[in-house]
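So this block is structure_1.cif, mmCIF, C-alpha atoms:
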data_data
#
loop_
_atom_site.label_atom_id
_atom_site.label_comp_id
_atom_site.auth_asym_id
_atom_site.auth_seq_id
_atom_site.Cartn_x
_atom_site.Cartn_y
_atom_site.Cartn_z
CA MET A 1 163.95 35.91 -6.59
CA GLY A 2 163.54 34.79 -2.96
CA PHE A 3 161.38 32.46 -1.01
CA SER A 4 158.36 34.68 -1.77
CA SER A 5 158.22 33.10 -5.24
CA ARG A 6 158.59 29.58 -3.85
CA ARG A 7 156.16 27.19 -2.21
CA TRP A 8 156.72 24.41 0.30
CA GLN A 9 156.51 20.99 -1.26
CA PHE A 10 156.38 17.94 0.98
CA ASP A 11 159.03 15.33 0.17
CA TRP A 12 158.86 12.50 2.69
CA ARG A 13 162.12 10.92 1.50
CA LEU A 14 164.06 14.12 2.09
CA LEU A 15 162.51 14.65 5.51
CA VAL A 16 163.21 11.07 6.58
CA PHE A 17 166.84 11.42 5.46
CA SER A 18 167.25 14.66 7.41
CA GLY A 19 165.37 13.30 10.40
CA VAL A 20 167.81 10.40 10.67
CA PHE A 21 171.10 12.19 10.08
CA LEU A 22 170.48 15.55 11.75
CA PRO A 23 170.14 14.12 15.31
CA LEU A 24 173.13 11.89 14.61
CA LEU A 25 175.34 14.82 13.60
CA ILE A 26 174.24 16.86 16.61
CA SER A 27 174.85 13.96 19.01
CA LEU A 28 178.35 13.43 17.58
CA GLY A 29 179.12 17.12 18.11
CA VAL A 30 177.89 17.00 21.72
CA TRP A 31 179.90 13.81 22.33
CA GLN A 32 183.07 15.54 21.11
CA LEU A 33 182.38 18.48 23.45
CA ASN A 34 182.04 16.06 26.36
CA ARG A 35 185.28 14.34 25.38
CA ALA A 36 187.03 17.72 25.26
CA ALA A 37 185.81 18.49 28.79
CA GLU A 38 187.07 15.09 30.00
CA LYS A 39 190.49 15.62 28.42
CA THR A 40 190.72 19.13 29.91
CA SER A 41 189.98 17.74 33.36
CA LEU A 42 192.51 14.93 32.88
CA LEU A 43 195.30 17.28 31.79
CA GLU A 44 194.55 19.66 34.68
CA THR A 45 194.75 16.77 37.13
CA TRP A 46 197.94 15.42 35.53
CA ASN A 47 199.64 18.82 35.59
CA SER A 48 198.54 19.71 39.11
CA GLU A 49 201.19 20.12 41.81
CA SER A 50 198.98 18.72 44.57
CA PRO A 51 200.67 16.25 46.95
CA GLY A 52 200.09 12.59 46.26
CA ARG A 53 197.33 10.86 48.19
CA ASP A 54 198.32 7.91 50.31
CA TRP A 55 197.75 4.62 48.48
CA GLN A 56 195.68 3.17 51.29
CA ASP A 57 193.42 6.24 51.32
CA VAL A 58 192.90 6.07 47.55
CA ALA A 59 191.91 2.40 47.75
CA ALA A 60 189.63 2.92 50.75
CA ALA A 61 187.83 5.86 49.13
CA ASP A 62 187.66 4.17 45.72
CA GLY A 63 189.27 7.33 44.39
CA TRP A 64 190.57 5.93 41.12
CA GLN A 65 190.92 8.99 38.88
CA GLU A 66 193.35 9.06 35.99
CA GLY A 67 196.18 11.51 36.65
CA GLN A 68 195.65 11.47 40.43
CA PRO A 69 199.01 11.85 42.25
CA VAL A 70 199.63 9.01 44.70
CA THR A 71 202.26 7.98 47.23
CA LEU A 72 202.84 4.33 48.05
CA THR A 73 205.34 2.41 50.14
CA GLY A 74 206.26 -1.19 49.49
CA TRP A 75 208.54 -3.33 47.36
CA TYR A 76 208.83 -4.49 43.77
CA ARG A 77 208.03 -8.10 42.94
CA ASP A 78 209.63 -10.30 40.32
CA GLU A 79 206.76 -10.08 37.82
CA THR A 80 207.85 -7.65 35.10
CA TRP A 81 206.35 -7.11 31.64
CA LEU A 82 208.07 -5.30 28.77
CA LEU A 83 205.47 -3.35 26.83
CA ASP A 84 206.53 -3.62 23.20
CA ASN A 85 206.56 -1.07 20.35
CA ARG A 86 207.23 2.03 22.46
CA THR A 87 209.42 4.55 20.66
CA ARG A 88 211.31 7.60 21.90
CA ALA A 89 212.93 10.06 19.50
CA GLY A 90 212.49 7.53 16.72
CA ARG A 91 214.20 4.71 18.63
CA ALA A 92 212.38 1.46 19.41
CA GLY A 93 212.06 0.33 22.99
CA TYR A 94 209.89 -0.97 25.79
CA GLU A 95 208.07 0.38 28.81
CA VAL A 96 208.92 -1.55 31.97
CA LEU A 97 205.86 -2.62 33.96
CA THR A 98 206.55 -4.28 37.31
CA LEU A 99 204.14 -5.57 39.91
CA PHE A 100 204.45 -3.70 43.22
CA GLU A 101 203.28 -4.86 46.64
CA PRO A 102 202.39 -1.95 48.95
CA VAL A 103 202.62 -2.27 52.71
CA SER A 104 198.89 -1.56 52.77
CA GLY A 105 196.41 -1.62 49.93
CA PRO A 106 196.05 -3.65 46.74
CA LEU A 107 198.87 -4.79 44.49
CA VAL A 108 199.55 -2.42 41.63
CA VAL A 109 201.47 -2.43 38.35
CA ILE A 110 204.13 0.29 38.24
CA ASN A 111 205.15 1.79 34.90
CA ARG A 112 208.84 2.40 35.58
CA GLY A 113 209.54 4.17 32.30
CA TRP A 114 211.14 3.49 28.94
CA VAL A 115 214.24 1.47 28.01
CA PRO A 116 215.80 1.12 24.54
CA ALA A 117 215.48 -2.19 22.71
CA PRO A 118 218.60 -4.25 21.91
CA ALA A 119 219.68 -4.52 18.29
CA SER A 120 218.41 -8.10 18.04
CA ARG A 121 214.69 -8.80 18.30
CA GLU A 122 215.53 -12.11 19.96
CA GLN A 123 217.17 -10.33 22.87
CA LEU A 124 215.34 -8.53 25.67
CA PRO A 125 216.80 -5.57 27.55
CA GLU A 126 218.31 -6.23 30.95
CA VAL A 127 216.03 -4.93 33.67
CA GLN A 128 217.30 -4.41 37.21
CA THR A 129 214.68 -4.37 39.95
CA PRO A 130 215.67 -3.00 43.38
CA GLU A 131 214.72 -5.13 46.36
CA PRO A 132 214.46 -2.97 49.52
CA LEU A 133 211.38 -1.20 50.81
CA PHE A 134 210.68 2.04 48.90
CA THR A 135 208.32 4.98 48.88
CA LEU A 136 207.25 5.91 45.35
CA GLN A 137 205.58 8.96 43.86
CA GLY A 138 203.45 8.58 40.76
CA ARG A 139 200.14 9.15 39.02
CA LEU A 140 197.25 6.84 38.30
CA ALA A 141 196.83 5.74 34.69
CA ALA A 142 194.75 3.23 32.75
CA TYR A 143 196.01 -0.23 31.93
CA PRO A 144 197.61 -0.47 28.45
CA GLU A 145 194.74 -2.39 26.89
CA PRO A 146 195.12 -4.30 23.61
CA PRO A 147 193.65 -2.89 20.39
CA VAL A 148 190.11 -3.95 19.53
CA LEU A 149 191.22 -6.48 16.94
CA GLY A 150 194.45 -7.43 18.64
CA ALA A 151 194.99 -10.97 19.85
CA GLN A 152 196.54 -11.59 23.25
CA GLU A 153 199.72 -13.58 22.86
CA PRO A 154 200.33 -16.49 25.28
CA ASP A 155 202.61 -16.02 28.27
CA THR A 156 206.13 -17.35 28.11
CA PRO A 157 207.92 -18.86 31.11
CA GLY A 158 210.18 -16.70 33.21
CA TRP A 159 210.49 -12.95 33.73
CA PRO A 160 210.51 -10.44 32.19
CA ARG A 161 207.88 -11.14 29.54
CA ARG A 162 207.40 -9.21 26.33
CA VAL A 163 203.77 -8.14 25.77
CA GLN A 164 201.90 -6.01 23.27
CA ALA A 165 199.40 -4.93 25.92
CA LEU A 166 198.72 -5.57 29.59
CA PRO A 167 195.02 -5.71 30.45
CA GLU A 168 193.98 -6.05 34.07
CA SER A 169 192.74 -9.60 33.40
CA ARG A 170 196.29 -10.70 32.58
CA VAL A 171 197.54 -9.51 35.95
CA ARG A 172 194.62 -11.17 37.70
CA ALA A 173 195.61 -14.46 36.04
CA LEU A 174 198.63 -14.54 38.37
CA GLY A 175 196.24 -15.26 41.24
CA SER A 176 196.20 -11.78 42.75
CA THR A 177 193.65 -8.98 42.75
CA PRO A 178 195.40 -5.83 41.50
CA ALA A 179 194.26 -2.23 41.68
CA PRO A 180 191.92 -1.17 38.84
CA MET A 181 194.56 1.27 37.57
CA ILE A 182 198.34 1.29 37.21
CA VAL A 183 200.80 3.92 38.42
CA HIS A 184 203.23 5.90 36.25
CA LEU A 185 206.30 6.94 38.21
CA ALA A 186 206.45 10.69 38.64
CA ASP A 187 209.99 11.09 37.31
CA SER A 188 213.24 9.30 36.53
CA GLN A 189 214.57 9.92 40.06
CA GLN A 190 212.08 7.51 41.64
CA PRO A 191 213.43 4.18 42.97
CA GLY A 192 213.60 1.62 40.17
CA ALA A 193 212.78 4.19 37.49
CA TYR A 194 214.12 4.23 33.96
CA GLN A 195 213.20 7.04 31.54
CA ALA A 196 209.99 7.97 33.33
CA ASP A 197 209.18 11.35 31.81
CA ARG A 198 206.17 10.30 29.80
CA ALA A 199 203.15 12.64 29.67
CA PRO A 200 199.61 11.25 29.40
CA ASP A 201 199.07 9.81 25.92
CA VAL A 202 195.82 11.60 25.13
CA MET A 203 194.38 13.62 22.29
CA GLY A 204 194.28 17.30 23.27
CA PRO A 205 190.92 18.98 23.97
CA GLN A 206 191.47 21.39 21.05
CA THR A 207 191.26 18.47 18.64
CA HIS A 208 187.92 17.40 20.09
CA TYR A 209 186.63 20.98 19.82
CA GLY A 210 187.65 20.98 16.17
CA TYR A 211 185.78 17.72 15.53
CA ALA A 212 182.73 19.10 17.32
CA ALA A 213 182.76 22.21 15.13
CA GLN A 214 182.87 20.01 12.03
CA TRP A 215 179.89 17.90 13.15
CA PHE A 216 177.83 20.99 14.02
CA ALA A 217 178.75 22.63 10.71
CA MET A 218 177.55 19.54 8.87
CA ALA A 219 174.29 19.65 10.86
CA VAL A 220 173.75 23.30 9.90
CA ALA A 221 174.54 22.57 6.25
CA LEU A 222 172.10 19.64 6.21
CA THR A 223 169.36 21.84 7.70
CA ILE A 224 169.92 24.58 5.13
CA LEU A 225 170.00 22.13 2.20
CA THR A 226 166.81 20.46 3.43
CA LEU A 227 164.98 23.79 3.63
CA VAL A 228 166.20 24.94 0.23
CA ALA A 229 165.32 21.63 -1.43
CA SER A 230 161.86 21.61 0.14
CA TYR A 231 160.83 24.86 -1.56
CA LYS A 232 159.97 24.74 -5.26
CA LYS A 233 159.64 27.65 -7.68
CA ASP A 234 156.13 28.50 -8.76
CA SER A 235 157.20 28.00 -12.37
CA GLU A 236 158.06 24.39 -11.55
CA ARG A 237 154.48 23.66 -10.45
CA PRO A 238 151.66 23.17 -13.00
CA LYS A 239 149.12 25.98 -12.99
CA ALA A 240 145.45 25.24 -12.74
CA GLY A 241 144.53 27.87 -15.41
CA ALA A 242 146.86 26.38 -17.95
CA ASP A 243 145.40 22.95 -17.37
CA ASN A 244 141.87 24.26 -17.92
CA ASP A 245 142.85 25.97 -21.18
CA ASN A 246 144.37 22.74 -22.44
CA ASP A 247 141.22 20.84 -21.57
CA ASN A 248 139.00 23.35 -23.39
CA GLY A 249 141.24 23.24 -26.39
#
Using structure tokens, write down the structure that the file contains.
Amino acid sequence: MGFSSRRWQFDWRLLVFSGVFLPLLISLGVWQLNRAAEKTSLLETWNSESPGRDWQDVAAADGWQEGQPVTLTGWYRDETWLLDNRTRAGRAGYEVLTLFEPVSGPLVVINRGWVPAPASREQLPEVQTPEPLFTLQGRLAAYPEPPVLGAQEPDTPGWPRRVQALPESRVRALGSTPAPMIVHLADSQQPGAYQADRAPDVMGPQTHYGYAAQWFAMAVALTILTLVASYKKDSERPKAGADNDNDNG
């Protein structure tokens, strides 16, 4: 038996349910495709071998693009934050974030790389910050923002300061206007660098493609189930002739 022995039967509840969830599933699939394209572009930019743009040119052109190679000349300042809960090869540690003052252009936070944590939680690692004028190579990256439900702990006196996140607003609270992005040092050979070999912490585009395929598959399944459920067998519908016979009887 096929659809030839079935008839369409209107079910407004089923159609409303499908009408709500089908566009939602499709939009989620499209959103995952867009995210995959963004991650592909980011990884291509991060892995490119193009020379770094001058810091002043980036600021003047408002060319803040994550992964963009940059070159900046200036000096480190005293303000240093230790970004907590950063592990390498299973070992706990911190990422060293130091404010940098370029010769020209806005102040910027430099991610100088990873350092291991001391055995005692009460002790902070010793961080040495070089003082002369330097030229650094790095890549633009987003500020390490706090989690959605995370509370921002109060600042403690002195430097360095241990933090769970470093939003731009916290740097602005020092009375300066920093760049809208930070800079990851290009490698561990840069002046003032520690273990600065960290790749961009992003979900690969393949994962987003997989999520998109799942959302689209659910949309197809919902469409098929809606069509199948909307057709009823003729035997399930009362026949007019049978009703007349019963009335005559």
I'd like the interatomic distance between atom CA of A:Val103 and atom CA of A:Gly74, to a tenth of an Å.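 Separation between atom CA of A:Val103 and atom CA of A:Gly74: 5.0 Å.
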For the PyMOL selection byres ((chain A and resi 56) around 8), applied here, can you spell out every residue it catches as a ChimeraX atom specification? /A:54-55,57-60,72,104-105
Using only C-alpha atoms, which of A:Ile110, A:Leu25, A:Ile224, A:Ala37 sits nearest A:Leu185?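 Looking at the shortest contact to A:Leu185, the residue is A:Ile110.
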Selected residue, from A:Pro116, A:Pro69, A:Pro125, A:Pro191, that lies nearest to A:Ala92 when counting all atoms listed in the file: A:Pro116
Between atom CA of A:Gln137 and atom CA of A:Val163, distance in Å (one decimal):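 Atom CA of A:Gln137 sits 25.0 Å away from atom CA of A:Val163.
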Since the input lacks atoms, please generate N, CA and C atoms for stretch 14-46 of chain A and provide them as a PDB file, in the frame of the given file.
ATOM      1  N   LEU A  14     163.096  13.132   1.629  1.00  0.00           N
ATOM      2  CA  LEU A  14     164.060  14.120   2.090  1.00  0.00           C
ATOM      3  C   LEU A  14     163.942  14.359   3.585  1.00  0.00           C
ATOM      4  N   LEU A  15     162.711  14.407   4.085  1.00  0.00           N
ATOM      5  CA  LEU A  15     162.510  14.650   5.510  1.00  0.00           C
ATOM      6  C   LEU A  15     162.966  13.456   6.350  1.00  0.00           C
ATOM      7  N   VAL A  16     162.744  12.254   5.859  1.00  0.00           N
ATOM      8  CA  VAL A  16     163.210  11.070   6.580  1.00  0.00           C
ATOM      9  C   VAL A  16     164.746  11.058   6.631  1.00  0.00           C
ATOM     10  N   PHE A  17     165.376  11.373   5.504  1.00  0.00           N
ATOM     11  CA  PHE A  17     166.840  11.420   5.460  1.00  0.00           C
ATOM     12  C   PHE A  17     167.377  12.429   6.469  1.00  0.00           C
ATOM     13  N   SER A  18     166.793  13.624   6.472  1.00  0.00           N
ATOM     14  CA  SER A  18     167.250  14.660   7.410  1.00  0.00           C
ATOM     15  C   SER A  18     166.924  14.285   8.845  1.00  0.00           C
ATOM     16  N   GLY A  19     165.761  13.676   9.045  1.00  0.00           N
ATOM     17  CA  GLY A  19     165.370  13.300  10.400  1.00  0.00           C
ATOM     18  C   GLY A  19     166.268  12.245  11.004  1.00  0.00           C
ATOM     19  N   VAL A  20     166.897  11.432  10.170  1.00  0.00           N
ATOM     20  CA  VAL A  20     167.810  10.400  10.670  1.00  0.00           C
ATOM     21  C   VAL A  20     169.192  10.986  10.932  1.00  0.00           C
ATOM     22  N   PHE A  21     169.714  11.753   9.983  1.00  0.00           N
ATOM     23  CA  PHE A  21     171.100  12.190  10.080  1.00  0.00           C
ATOM     24  C   PHE A  21     171.297  13.453  10.898  1.00  0.00           C
ATOM     25  N   LEU A  22     170.301  14.328  10.979  1.00  0.00           N
ATOM     26  CA  LEU A  22     170.480  15.550  11.750  1.00  0.00           C
ATOM     27  C   LEU A  22     170.690  15.265  13.241  1.00  0.00           C
ATOM     28  N   PRO A  23     169.850  14.440  13.893  1.00  0.00           N
ATOM     29  CA  PRO A  23     170.140  14.120  15.310  1.00  0.00           C
ATOM     30  C   PRO A  23     171.475  13.411  15.491  1.00  0.00           C
ATOM     31  N   LEU A  24     171.857  12.588  14.510  1.00  0.00           N
ATOM     32  CA  LEU A  24     173.130  11.890  14.610  1.00  0.00           C
ATOM     33  C   LEU A  24     174.292  12.874  14.593  1.00  0.00           C
ATOM     34  N   LEU A  25     174.262  13.834  13.681  1.00  0.00           N
ATOM     35  CA  LEU A  25     175.340  14.820  13.600  1.00  0.00           C
ATOM     36  C   LEU A  25     175.411  15.667  14.864  1.00  0.00           C
ATOM     37  N   ILE A  26     174.260  16.063  15.389  1.00  0.00           N
ATOM     38  CA  ILE A  26     174.240  16.860  16.610  1.00  0.00           C
ATOM     39  C   ILE A  26     174.786  16.061  17.794  1.00  0.00           C
ATOM     40  N   SER A  27     174.376  14.788  17.896  1.00  0.00           N
ATOM     41  CA  SER A  27     174.850  13.960  19.010  1.00  0.00           C
ATOM     42  C   SER A  27     176.354  13.735  18.938  1.00  0.00           C
ATOM     43  N   LEU A  28     176.901  13.589  17.727  1.00  0.00           N
ATOM     44  CA  LEU A  28     178.350  13.430  17.580  1.00  0.00           C
ATOM     45  C   LEU A  28     179.083  14.706  18.011  1.00  0.00           C
ATOM     46  N   GLY A  29     178.514  15.861  17.681  1.00  0.00           N
ATOM     47  CA  GLY A  29     179.120  17.120  18.110  1.00  0.00           C
ATOM     48  C   GLY A  29     179.107  17.265  19.625  1.00  0.00           C
ATOM     49  N   VAL A  30     177.983  16.923  20.253  1.00  0.00           N
ATOM     50  CA  VAL A  30     177.890  17.000  21.720  1.00  0.00           C
ATOM     51  C   VAL A  30     178.853  16.016  22.368  1.00  0.00           C
ATOM     52  N   TRP A  31     178.981  14.810  21.780  1.00  0.00           N
ATOM     53  CA  TRP A  31     179.900  13.810  22.330  1.00  0.00           C
ATOM     54  C   TRP A  31     181.337  14.321  22.281  1.00  0.00           C
ATOM     55  N   GLN A  32     181.712  14.991  21.200  1.00  0.00           N
ATOM     56  CA  GLN A  32     183.070  15.540  21.110  1.00  0.00           C
ATOM     57  C   GLN A  32     183.280  16.651  22.139  1.00  0.00           C
ATOM     58  N   LEU A  33     182.257  17.451  22.412  1.00  0.00           N
ATOM     59  CA  LEU A  33     182.380  18.480  23.450  1.00  0.00           C
ATOM     60  C   LEU A  33     182.593  17.834  24.814  1.00  0.00           C
ATOM     61  N   ASN A  34     181.864  16.756  25.083  1.00  0.00           N
ATOM     62  CA  ASN A  34     182.040  16.060  26.360  1.00  0.00           C
ATOM     63  C   ASN A  34     183.432  15.460  26.475  1.00  0.00           C
ATOM     64  N   ARG A  35     183.933  14.901  25.362  1.00  0.00           N
ATOM     65  CA  ARG A  35     185.280  14.340  25.380  1.00  0.00           C
ATOM     66  C   ARG A  35     186.324  15.440  25.612  1.00  0.00           C
ATOM     67  N   ALA A  36     186.101  16.613  25.040  1.00  0.00           N
ATOM     68  CA  ALA A  36     187.030  17.720  25.260  1.00  0.00           C
ATOM     69  C   ALA A  36     187.048  18.123  26.727  1.00  0.00           C
ATOM     70  N   ALA A  37     185.871  18.145  27.360  1.00  0.00           N
ATOM     71  CA  ALA A  37     185.810  18.490  28.790  1.00  0.00           C
ATOM     72  C   ALA A  37     186.529  17.441  29.625  1.00  0.00           C
ATOM     73  N   GLU A  38     186.384  16.157  29.266  1.00  0.00           N
ATOM     74  CA  GLU A  38     187.070  15.090  30.000  1.00  0.00           C
ATOM     75  C   GLU A  38     188.581  15.223  29.861  1.00  0.00           C
ATOM     76  N   LYS A  39     189.053  15.505  28.635  1.00  0.00           N
ATOM     77  CA  LYS A  39     190.490  15.620  28.420  1.00  0.00           C
ATOM     78  C   LYS A  39     191.052  16.851  29.143  1.00  0.00           C
ATOM     79  N   THR A  40     190.283  17.937  29.183  1.00  0.00           N
ATOM     80  CA  THR A  40     190.720  19.130  29.910  1.00  0.00           C
ATOM     81  C   THR A  40     190.886  18.821  31.386  1.00  0.00           C
ATOM     82  N   SER A  41     189.897  18.110  31.951  1.00  0.00           N
ATOM     83  CA  SER A  41     189.980  17.740  33.360  1.00  0.00           C
ATOM     84  C   SER A  41     191.160  16.815  33.623  1.00  0.00           C
ATOM     85  N   LEU A  42     191.400  15.855  32.714  1.00  0.00           N
ATOM     86  CA  LEU A  42     192.510  14.930  32.880  1.00  0.00           C
ATOM     87  C   LEU A  42     193.845  15.657  32.861  1.00  0.00           C
ATOM     88  N   LEU A  43     194.033  16.559  31.897  1.00  0.00           N
ATOM     89  CA  LEU A  43     195.300  17.280  31.790  1.00  0.00           C
ATOM     90  C   LEU A  43     195.509  18.205  32.987  1.00  0.00           C
ATOM     91  N   GLU A  44     194.421  18.810  33.492  1.00  0.00           N
ATOM     92  CA  GLU A  44     194.550  19.660  34.680  1.00  0.00           C
ATOM     93  C   GLU A  44     194.974  18.828  35.882  1.00  0.00           C
ATOM     94  N   THR A  45     194.379  17.638  36.012  1.00  0.00           N
ATOM     95  CA  THR A  45     194.750  16.770  37.130  1.00  0.00           C
ATOM     96  C   THR A  45     196.190  16.310  36.993  1.00  0.00           C
ATOM     97  N   TRP A  46     196.591  15.919  35.759  1.00  0.00           N
ATOM     98  CA  TRP A  46     197.940  15.420  35.530  1.00  0.00           C
ATOM     99  C   TRP A  46     198.989  16.498  35.801  1.00  0.00           C
TER     100      TRP A  46
END
